[in-house]
Every structure is written in C-alpha cells, then in structure tokens.
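What follows is a set of notes on a single structure, which appears directly below.
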Amino acid sequence: MKILVLNCGSSSLKFQLIETDEEMAREGRDRVLAKGLVEDVGGTGILNYETEGKKPLRDAVGTFQHKTAVERALEVLTDPETGVLPHREEIGAVGHRVVHGGERFKASVLIDEDVIDGIEACIALAPLHNPANLQGYRAARAVLPHAPQVAVFDTSFHQTMPPAAYLYALPYDKYQRFGIRRFGFHGTSHRFVSGRAAALLGRAAGDPELRLITCHLGNGCSVCAIRGGRSVDTSMGFTPLEGLVMGTRSGDLDPAALLYLMSREEIGAVEANALMNKQSGLLGISGLSHDMRTLLEAEAKGNERARLAIEVFCYRLRKYIAGYVGALGGADALVFAGGIGENSPVIRERVLQGLDAVGFSLDPARNDAAQETEAEISPEGEGSHPRVFVIPTNEELLIARDTFGIVNARA
C-alpha cells in the first residue's frame with residue numbers, strides 16, 4: 001500500500017510517500033518513494049521535494065495554506081517529470097502526526113468525527129500544534145476523499161506510564177479538574193527505536209523482561225524508560241519543556257526561579273513562555289547558538305560558554321539515564337537517536353563518562369564510525385553488560401506502518 005504521511009505545522013507541511021505492507025514491514029523492505037517540505041519562507045510557501053533518480057525540486061507555491069500545500073505535494077507526486085504515481089488514487093491511506101492525544105488516545109486511530117472531537121478537546125494542551133494537525137487532516141480529506149486517514153499521536157506511547165511516574169505533587173484536584181500531569185512526547189521516535197533495539201538484541205519487543213533506555217536528541221530532546229515495549233517513564237512532562245536541556249528550551253527548572261525572574265524583570269506569562277522555550281537551553285547558556293555542531297566547533301576554538309553549554313547538556317542526560325536504570329531495575333540496552341544522538345560521537349562519549357558504574361561503556365572505534373547509521377557502539381563480547389546502540393529514528397515510517405495496520409484491519 002502507498003501511504004502519504006503528513007506532519008503539519010502552523011506554517012509548514014512535511015510529507016513522505018511510503019510503500020509498506022505487513023510483509024515489507026516484517027522484512028524491513030518498506031520504501032520511501034518521495035519526500036518533501038513546504039515551508040512559509042518569508043511569507044511565500046517554498047516547496048522542497050526529492051525522489052530517488054530525479055533532480056531535487058525547489059519551487060514557490062504562494063501564500064501558505066494547508067490545502068494549497070497538500071495539493072502542491074500531490075501535483076509533484078503525480079507529475080510525469082517529478083512524480084512517482086500515475087494518479088493520486090493510488091494513495092491507499094493518509095497517516096497524520098498529531099502532537100497531543102491527552103489521556104483519551106492510547107494508540108493510533110482511524111479518524112472519524114468522534115476522533116476529531118477528541119483532538120479538538122486537546123487543543124488547550126497543544127494550542128500551536130493540534131489545530132495545524134487538524135487543518136492538515138481537512139486539507140487531505142478534501143483532495144483525497146477516497147483515502148482513509150489515521151491519527152498517530154506523539155503522546156500515546158507514554159499512556160502506559162504508571163501514576164507514580166505521571167503525577168505531579170500538586171493538589172490532586174488540579175489533575176482531576178485540569179488534567180495537569182506528565183504526558184511525554186516524541187512517542188513515535190521512542191517506539192520506533194525501541195522496536196529496532198529489541199530486534200538487534202534478538203528479543204521480542206513485548207518481552208516483559210526487556211529493559212531499554214532510549215534517547216531522542218535533536219533540537220528537542222527526551223529520554224524514555226521502556227519495559228516490555230511499554231513506556232514507564234519519560235523526561236518530557238505536561239509540555240515538551242520539561243526534562244533535558246534542549247536547543248532553546250530550558251528543561252527542568254525550579255518554578256520559583258521563574259516566578260522570581262518574572263518579578264525582577266517585570267515580565268508576564270507570554271514573555272516568560274518565550275524565555276523558557278525560545279531563549280534558553282544551549283542557546284541561552286552559550287549565547288551563541290542552539291546548534292550542537294556550532295557549539296562543538298566553538299568549544300574547539302576555546303569558547304568557554306560553548307563548553308559550558310555542552311557540559312550541562314551531557315550532565316543532565318547522564319543523570320536521567322542513571323535514574324532510569326534505577327526505575328527499571330537495570331537495563332539491557334541504551335539507544336541514541338535524533339540528529340545529535342545519531343551524528344555526534346563526541347556527545348555520546350561525553351554522556352557515557354561515569355556511567356560505567358551502572359554498566360555502560362563504549363568502544364571508541366565503533367563510536368567514531370557510527371554516524372547516520374544503525375550500529376552497536378558498546379565493546380564486543382561484553383554479554384553481561386548493557387549494550388549501547390545508535391539507531392536512526394524514522395517516525396514517518398512508524399506512522400506509515402501504523403496507518404497500514406489500522407486500514408488493513410478495517411478492510
């Protein structure tokens with residue numbers, strides 16, 4: 001089945017056309033036929049599109065609207081010169097990334113009016129994302145009326161966390177009345193790489209004895225403790241702000257420090273939100289950049305603030321990993337994924353410094369060689385110790401596989 005995967009932001013549309021079915025997924029033979037991005041650069045939507053064997057395309061699409069962006073994506077997918085489809089009816093289903101499913105959605109679902117109501121009910125929890133996700137759904141439904149559509153939620157994987165992990169120590173009625181709890185995010189990434197880790201270990205993903213710690217490290221960062229294929233704890237919380245130091249997000253912060261700062265700086269909630277989400281993290285500490293590559297280059301030239309930002313980043317992650325070893329009662333494997341996790345041997349090495357006390361170690365040569373590729377980076381032959389892997393994440397593929405599974409079961 002050919003599945004169109006859509007990830008809709010307020011002014012962007014990422015898309016991939018993926019061919020998959022049960023056998024292809026089982027054998028890892030799924031195919032990415034084409035992929036692209038429509039983004040609102042300077043107020044004019046710009047399409048970037050590529051497919052194997054053809055010249056990449058960059059083109060203006062006009063003022064950004066989700067329907068226009070989806071329509072343009074379908075045009076290039078079916079164009080005789082750029083496309084991979086003779087006609088759009090070959091698309092068997094559409095899979096949508098939806099950021100927030102609250103407590104209601106514990107798995108991916110076929111979208112109907114009841115599901116739309118549920119996604120709308122979660123808008124207060126993700127006001128920047130869920131409305132855009134719904135706009136993407138409506139745009140796709142308008143231009144692909146024949147294709148069933150599936151919602152795959154960032155939060156659903158973490159709905160298996162126990163109350164001890166997801167409750168905050170606030171008055172309990174704040175949870176009952178307003179749903180204030182830890183939800184966790186990056187669920188599609190953690191689910192995908194944990195499944196691959198299980199396969200590399202020769203274990204079933206649902207093996208109740210299998211204990212994994214997965215690290216999604218990009219501009220947004222999170223770490224997840226997984227037992228038997230189920231999330232039991234994760235670093236992000238009520239919003240994606242909690243947890244690790246990120247590109248521009250502060251991660252864990254004493255709320256009293258923010259209240260103090262709001263008083264001293266005489267700023268309100270909007271400014272405080274921007275401070276924590278847009279001006280903090282690696283950018284805030286370094287004063288230079290949110291990009292780890294830039295900071296590593298600056299550190300090599302003697303920039304002390306860049307060094308400090310990297311040190312805080314690695315230290316925070318190291319604490320979480322060690323803590324999740326305790327939460328799981330041990331670990332069978334640790335996984336690095338995401339742009340930083342997949343491409344930075346230096347960061348992986350620095351994160352693992354000191355974690356030999358809980359069994360983690362790496363082989364320097366294996367670690368240096370592992371960039372943008374699936375690889376084990378722990379020493380060979382240490383069977384009694386937890387293993388360490390680099391596993392490129394593929395959230396779009398997971399969305400496509402979920403979409404096929406749901407649509408196929410419905411047929």
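We name chains A, B, ... following the order of the structure tokens; residues begin at 1 in each chain, and ligands are numbered from 1 as shown.
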Distance query region 332-334 of chain A at most 9 Å, only C-alpha atoms, self and fewer than 4 positions along chain excluded, as a PDB file with N, CA and C atoms, in the first residue's frame:
ATOM      1  N   ALA A 197      15.811  -1.758  18.589  1.00  0.00           N
ATOM      2  CA  ALA A 197      16.762  -2.248  19.594  1.00  0.00           C
ATOM      3  C   ALA A 197      16.416  -3.669  20.005  1.00  0.00           C
ATOM      4  N   ALA A 198      15.133  -3.931  20.203  1.00  0.00           N
ATOM      5  CA  ALA A 198      14.717  -5.290  20.557  1.00  0.00           C
ATOM      6  C   ALA A 198      15.139  -6.273  19.475  1.00  0.00           C
ATOM      7  N   LEU A 201      18.776  -6.992  19.583  1.00  0.00           N
ATOM      8  CA  LEU A 201      19.094  -7.845  20.731  1.00  0.00           C
ATOM      9  C   LEU A 201      18.578  -9.272  20.559  1.00  0.00           C
ATOM     10  N   LEU A 210      12.454  -7.234  29.032  1.00  0.00           N
ATOM     11  CA  LEU A 210      13.335  -6.371  28.251  1.00  0.00           C
ATOM     12  C   LEU A 210      13.260  -4.933  28.760  1.00  0.00           C
ATOM     13  N   ARG A 211      14.441  -4.384  29.121  1.00  0.00           N
ATOM     14  CA  ARG A 211      14.519  -3.037  29.694  1.00  0.00           C
ATOM     15  C   ARG A 211      15.417  -2.171  28.807  1.00  0.00           C
ATOM     16  N   LEU A 212      14.830  -1.113  28.268  1.00  0.00           N
ATOM     17  CA  LEU A 212      15.545  -0.242  27.341  1.00  0.00           C
ATOM     18  C   LEU A 212      15.467   1.209  27.798  1.00  0.00           C
ATOM     19  N   ILE A 213      16.527   1.958  27.509  1.00  0.00           N
ATOM     20  CA  ILE A 213      16.535   3.403  27.714  1.00  0.00           C
ATOM     21  C   ILE A 213      16.842   4.037  26.366  1.00  0.00           C
ATOM     22  N   THR A 214      15.919   4.844  25.861  1.00  0.00           N
ATOM     23  CA  THR A 214      16.080   5.448  24.544  1.00  0.00           C
ATOM     24  C   THR A 214      16.216   6.965  24.671  1.00  0.00           C
ATOM     25  N   CYS A 215      17.158   7.528  23.933  1.00  0.00           N
ATOM     26  CA  CYS A 215      17.451   8.962  23.995  1.00  0.00           C
ATOM     27  C   CYS A 215      17.209   9.585  22.625  1.00  0.00           C
ATOM     28  N   ILE A 321      19.701   9.121  32.523  1.00  0.00           N
ATOM     29  CA  ILE A 321      19.985   7.728  32.173  1.00  0.00           C
ATOM     30  C   ILE A 321      20.208   6.904  33.433  1.00  0.00           C
ATOM     31  N   PHE A 360      27.412   0.844  31.601  1.00  0.00           N
ATOM     32  CA  PHE A 360      27.511   1.309  30.218  1.00  0.00           C
ATOM     33  C   PHE A 360      28.959   1.627  29.849  1.00  0.00           C
ATOM     34  N   HIS A 385      26.987  -7.034  30.206  1.00  0.00           N
ATOM     35  CA  HIS A 385      26.763  -5.603  30.375  1.00  0.00           C
ATOM     36  C   HIS A 385      25.691  -5.122  29.415  1.00  0.00           C
ATOM     37  N   PRO A 386      24.990  -4.039  29.772  1.00  0.00           N
ATOM     38  CA  PRO A 386      24.019  -3.482  28.824  1.00  0.00           C
ATOM     39  C   PRO A 386      24.727  -3.004  27.562  1.00  0.00           C
ATOM     40  N   ARG A 387      24.071  -3.197  26.442  1.00  0.00           N
ATOM     41  CA  ARG A 387      24.650  -2.815  25.153  1.00  0.00           C
ATOM     42  C   ARG A 387      24.203  -1.405  24.775  1.00  0.00           C
ATOM     43  N   VAL A 388      24.977  -0.754  23.934  1.00  0.00           N
ATOM     44  CA  VAL A 388      24.710   0.630  23.539  1.00  0.00           C
ATOM     45  C   VAL A 388      24.620   0.681  22.017  1.00  0.00           C
ATOM     46  N   PHE A 389      23.547   1.289  21.513  1.00  0.00           N
ATOM     47  CA  PHE A 389      23.306   1.341  20.076  1.00  0.00           C
ATOM     48  C   PHE A 389      23.091   2.779  19.608  1.00  0.00           C
ATOM     49  N   VAL A 390      23.429   3.012  18.352  1.00  0.00           N
ATOM     50  CA  VAL A 390      22.967   4.184  17.618  1.00  0.00           C
ATOM     51  C   VAL A 390      21.931   3.674  16.629  1.00  0.00           C
TER      52      VAL A 390
END
- request: Give the strand (DSSP E) residues of region 148-251 of chain A, as DSSP finds them on the backbone, and put them as a PyMOL selection string.
  value: chain A and resi 149-153+211-217+221-227+230-234
message: Neighbouring residues of region 233-237 of chain A were defined as those with any atom within 10 Å, considering only C-alpha atoms; residues of the same chain fewer than 2 positions away were excluded. Please report them as a PyMOL selection string.
response: chain A and resi 158-162+164-168+180-187+190+213-215+220-227+230-231+239-244+251-252+317+320+324+327-328
Please produce a file of the residues just selected, as a compact mmCIF listing (two decimals), in the first residue's frame, where the atoms kept are C-alpha atoms.
# COMPACT_ATOMS: atom_id res chain seq x y z
CA HIS A 158 3.54 7.22 27.11
CA GLN A 159 -0.01 6.48 28.23
CA THR A 160 1.32 3.28 29.79
CA MET A 161 3.22 5.26 32.44
CA PRO A 162 2.02 4.45 35.97
CA ALA A 164 3.76 7.34 40.21
CA ALA A 165 5.56 8.49 37.05
CA TYR A 166 2.97 10.83 35.53
CA LEU A 167 1.50 12.64 38.56
CA TYR A 168 2.89 15.92 39.83
CA ILE A 180 -2.31 18.60 34.79
CA ARG A 181 0.02 15.62 34.61
CA ARG A 182 3.05 14.42 32.71
CA PHE A 183 2.19 13.31 29.18
CA GLY A 184 5.56 12.90 27.46
CA PHE A 185 6.28 13.45 23.76
CA HIS A 186 8.47 12.02 20.97
CA GLY A 187 6.49 8.81 21.45
CA HIS A 190 10.92 6.19 21.18
CA ILE A 213 16.54 3.40 27.71
CA THR A 214 16.08 5.45 24.54
CA CYS A 215 17.45 8.96 23.99
CA GLY A 220 14.08 18.90 21.16
CA CYS A 221 15.39 16.18 23.47
CA SER A 222 13.84 13.47 25.61
CA VAL A 223 14.77 10.17 27.21
CA CYS A 224 12.43 7.25 27.87
CA ALA A 225 12.48 4.20 30.15
CA ILE A 226 10.81 1.22 28.43
CA ARG A 227 9.94 -2.18 29.86
CA ARG A 230 5.84 -0.04 27.13
CA SER A 231 6.90 3.41 28.30
CA THR A 239 4.59 20.10 27.83
CA PRO A 240 7.77 19.37 25.86
CA LEU A 241 9.59 21.91 28.06
CA GLU A 242 10.36 19.60 30.98
CA GLY A 243 13.39 17.35 31.23
CA LEU A 244 16.64 17.58 29.31
CA GLY A 251 14.40 21.69 30.53
CA ASP A 252 13.96 21.11 34.27
CA LEU A 317 21.23 13.49 30.19
CA TYR A 320 18.41 10.87 33.60
CA TYR A 324 16.12 5.31 34.60
CA ALA A 327 13.50 3.00 37.66
CA LEU A 328 13.84 -0.13 35.50
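Between Thr248 (chain A) and the residues A:His290, A:Lys14, A:Lys106, A:His96, the shortest atom-to-atom distance, using only C-alpha atoms, involves A:His290.
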message: If I take CA of Gln65 (chain A) and CA of Val99 (chain A), how far is one from the other in Å, to one decimal?
response: 19.5 Å
Contacts of region 267-275 of chain A within 12 Å, only C-alpha atoms, excl. fewer than 4 positions in-chain, as a ChimeraX atom specification: /A:239,241,248-251,255,257-263,279-281,283-284
Close residues, Ile46 (chain A) itself excluded, 12 Å, only C-alpha atoms, min 6 positions apart in chain, as a list in words: Ser11, Ser12, Leu13, Lys14, Gly36, Leu37, Val38, Glu39, Asp40, Leu57, Arg58, Asp59, Ala60, Val61, Gly62, Thr63, Phe64, Gln65, Thr68, Ala69, Arg72 and Ala73 of chain A
Restrict the selected residues to N, CA and C atoms and save them as a PDB file, in the first residue's frame.
ATOM      1  N   SER A  11       2.787  26.681   9.847  1.00  0.00           N
ATOM      2  CA  SER A  11       3.182  27.262   8.553  1.00  0.00           C
ATOM      3  C   SER A  11       4.146  26.341   7.821  1.00  0.00           C
ATOM      4  N   SER A  12       3.945  25.045   7.974  1.00  0.00           N
ATOM      5  CA  SER A  12       4.804  24.092   7.272  1.00  0.00           C
ATOM      6  C   SER A  12       4.050  22.785   7.058  1.00  0.00           C
ATOM      7  N   LEU A  13       4.505  22.041   6.074  1.00  0.00           N
ATOM      8  CA  LEU A  13       3.969  20.714   5.797  1.00  0.00           C
ATOM      9  C   LEU A  13       5.126  19.814   5.382  1.00  0.00           C
ATOM     10  N   LYS A  14       5.408  18.803   6.190  1.00  0.00           N
ATOM     11  CA  LYS A  14       6.358  17.772   5.798  1.00  0.00           C
ATOM     12  C   LYS A  14       5.554  16.581   5.286  1.00  0.00           C
ATOM     13  N   GLY A  36       9.126  15.507   0.927  1.00  0.00           N
ATOM     14  CA  GLY A  36       9.228  16.933   0.677  1.00  0.00           C
ATOM     15  C   GLY A  36       8.826  17.764   1.878  1.00  0.00           C
ATOM     16  N   LEU A  37       8.998  19.053   1.720  1.00  0.00           N
ATOM     17  CA  LEU A  37       8.678  20.022   2.761  1.00  0.00           C
ATOM     18  C   LEU A  37       8.167  21.288   2.093  1.00  0.00           C
ATOM     19  N   VAL A  38       7.020  21.746   2.539  1.00  0.00           N
ATOM     20  CA  VAL A  38       6.525  23.068   2.147  1.00  0.00           C
ATOM     21  C   VAL A  38       6.622  23.934   3.389  1.00  0.00           C
ATOM     22  N   GLU A  39       7.386  25.015   3.302  1.00  0.00           N
ATOM     23  CA  GLU A  39       7.542  25.895   4.457  1.00  0.00           C
ATOM     24  C   GLU A  39       7.307  27.335   4.041  1.00  0.00           C
ATOM     25  N   ASP A  40       6.838  28.115   4.991  1.00  0.00           N
ATOM     26  CA  ASP A  40       6.468  29.501   4.722  1.00  0.00           C
ATOM     27  C   ASP A  40       7.704  30.388   4.880  1.00  0.00           C
ATOM     28  N   LEU A  57      13.664  19.247  -6.457  1.00  0.00           N
ATOM     29  CA  LEU A  57      12.871  20.385  -6.912  1.00  0.00           C
ATOM     30  C   LEU A  57      12.721  21.394  -5.782  1.00  0.00           C
ATOM     31  N   ARG A  58      12.857  22.667  -6.128  1.00  0.00           N
ATOM     32  CA  ARG A  58      12.580  23.762  -5.195  1.00  0.00           C
ATOM     33  C   ARG A  58      11.713  24.758  -5.938  1.00  0.00           C
ATOM     34  N   ASP A  59      10.554  25.072  -5.353  1.00  0.00           N
ATOM     35  CA  ASP A  59       9.588  25.872  -6.095  1.00  0.00           C
ATOM     36  C   ASP A  59       8.715  26.665  -5.130  1.00  0.00           C
ATOM     37  N   ALA A  60       8.273  27.839  -5.559  1.00  0.00           N
ATOM     38  CA  ALA A  60       7.351  28.647  -4.767  1.00  0.00           C
ATOM     39  C   ALA A  60       5.925  28.158  -4.986  1.00  0.00           C
ATOM     40  N   VAL A  61       5.130  28.153  -3.900  1.00  0.00           N
ATOM     41  CA  VAL A  61       3.741  27.709  -4.018  1.00  0.00           C
ATOM     42  C   VAL A  61       2.750  28.812  -3.665  1.00  0.00           C
ATOM     43  N   GLY A  62       3.242  30.006  -3.322  1.00  0.00           N
ATOM     44  CA  GLY A  62       2.356  31.098  -2.962  1.00  0.00           C
ATOM     45  C   GLY A  62       2.110  31.166  -1.464  1.00  0.00           C
ATOM     46  N   THR A  63       1.165  31.994  -1.054  1.00  0.00           N
ATOM     47  CA  THR A  63       0.852  32.157   0.360  1.00  0.00           C
ATOM     48  C   THR A  63       0.482  30.812   0.981  1.00  0.00           C
ATOM     49  N   PHE A  64       1.081  30.519   2.138  1.00  0.00           N
ATOM     50  CA  PHE A  64       0.911  29.190   2.723  1.00  0.00           C
ATOM     51  C   PHE A  64      -0.516  28.971   3.217  1.00  0.00           C
ATOM     52  N   GLN A  65      -1.126  27.902   2.715  1.00  0.00           N
ATOM     53  CA  GLN A  65      -2.368  27.356   3.238  1.00  0.00           C
ATOM     54  C   GLN A  65      -2.230  25.839   3.187  1.00  0.00           C
ATOM     55  N   THR A  68      -3.539  24.232  -0.012  1.00  0.00           N
ATOM     56  CA  THR A  68      -2.659  24.525  -1.145  1.00  0.00           C
ATOM     57  C   THR A  68      -1.389  23.692  -1.069  1.00  0.00           C
ATOM     58  N   ALA A  69      -0.835  23.571   0.148  1.00  0.00           N
ATOM     59  CA  ALA A  69       0.402  22.809   0.318  1.00  0.00           C
ATOM     60  C   ALA A  69       0.188  21.331   0.001  1.00  0.00           C
ATOM     61  N   ARG A  72      -0.275  20.921  -3.748  1.00  0.00           N
ATOM     62  CA  ARG A  72       1.001  21.032  -4.471  1.00  0.00           C
ATOM     63  C   ARG A  72       1.837  19.767  -4.286  1.00  0.00           C
ATOM     64  N   ALA A  73       1.806  19.199  -3.089  1.00  0.00           N
ATOM     65  CA  ALA A  73       2.534  17.946  -2.853  1.00  0.00           C
ATOM     66  C   ALA A  73       2.010  16.850  -3.775  1.00  0.00           C
TER      67      ALA A  73
END
message: Please list as an MDAnalysis selection string every residue within 12 Å of region 365-378 of chain A, counting only C-alpha atoms and excluding residues in the same chain fewer than 5 positions away.
response: chainID A and resid 193 196:197 199:201 332:350 352 356 359:360 383:394
task: Based on DSSP run over this structure's backbone, return all residues of region 65-307 of chain A in helix (DSSP H, G or I), as a ChimeraX atom specification.
output: /A:66-78,88-90,113-121,130-143,156-160,163-166,172-178,187-200,255-265,269-278,281-286,292-300,304-307
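Each of A:Ile285, A:Phe15, A:Met246, A:Ala400 was checked against Arg316 (chain A) using only C-alpha atoms; the smallest atom-to-atom distance is that of A:Met246.
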task: Extract, using only C-alpha atoms, all DNA, RNA and protein residues at most 8 Å from Val70 (chain A), discarding same-chain residues fewer than 5 positions from it, and format them as an MDAnalysis selection string.
output: chainID A and resid 13 136 139:140 143
Dump as a short mmCIF file (atom, residue, chain, number, x, y, z; two decimals), in the first residue's frame, selection limited to N, CA and C atoms:
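Writing the result to again37.cif gives the following:
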data_model
loop_
_atom_site.label_atom_id
_atom_site.label_comp_id
_atom_site.auth_asym_id
_atom_site.auth_seq_id
_atom_site.Cartn_x
_atom_site.Cartn_y
_atom_site.Cartn_z
N LEU A 13 4.51 22.04 6.07
CA LEU A 13 3.97 20.71 5.80
C LEU A 13 5.13 19.81 5.38
N GLY A 136 -4.35 20.01 8.51
CA GLY A 136 -3.75 19.07 7.58
C GLY A 136 -4.69 17.93 7.24
N ALA A 139 -7.42 19.28 4.93
CA ALA A 139 -6.88 19.52 3.59
C ALA A 139 -6.72 18.21 2.84
N ALA A 140 -6.21 17.18 3.50
CA ALA A 140 -6.01 15.88 2.85
C ALA A 140 -7.35 15.23 2.51
N VAL A 143 -8.77 16.71 -0.77
CA VAL A 143 -8.12 16.38 -2.05
C VAL A 143 -7.95 14.88 -2.26
#
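Counting only C-alpha atoms and comparing A:Leu296, A:Gly247, A:Gly302, A:Leu355, the residue that lies closest to Gly323 (chain A) is A:Leu355.
Each of A:Val312, A:Leu288, A:Arg318, A:Leu295 was checked against Val245 (chain A) using only C-alpha atoms; the smallest atom-to-atom distance is that of A:Val312.
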message: So, with only C-alpha atoms as the atoms that count, which of A:Lys174, A:Lys2, A:Gln16, A:Leu77 lies closest to Glu90 (chain A)?
response: A:Lys2
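Separating CA of Gly101 (chain A) from CA of Ala121 (chain A) is a distance of 8.9 Å.
Checking A:Gly218, A:Asn48, A:Arg401, A:Asp363 one by one against Phe313 (chain A), counting only C-alpha atoms, you find the shortest gap at A:Gly218.
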message: Please compute the CA of His216 (chain A)-CA of Thr294 (chain A) distance, one decimal, in Å.
response: 19.3 Å
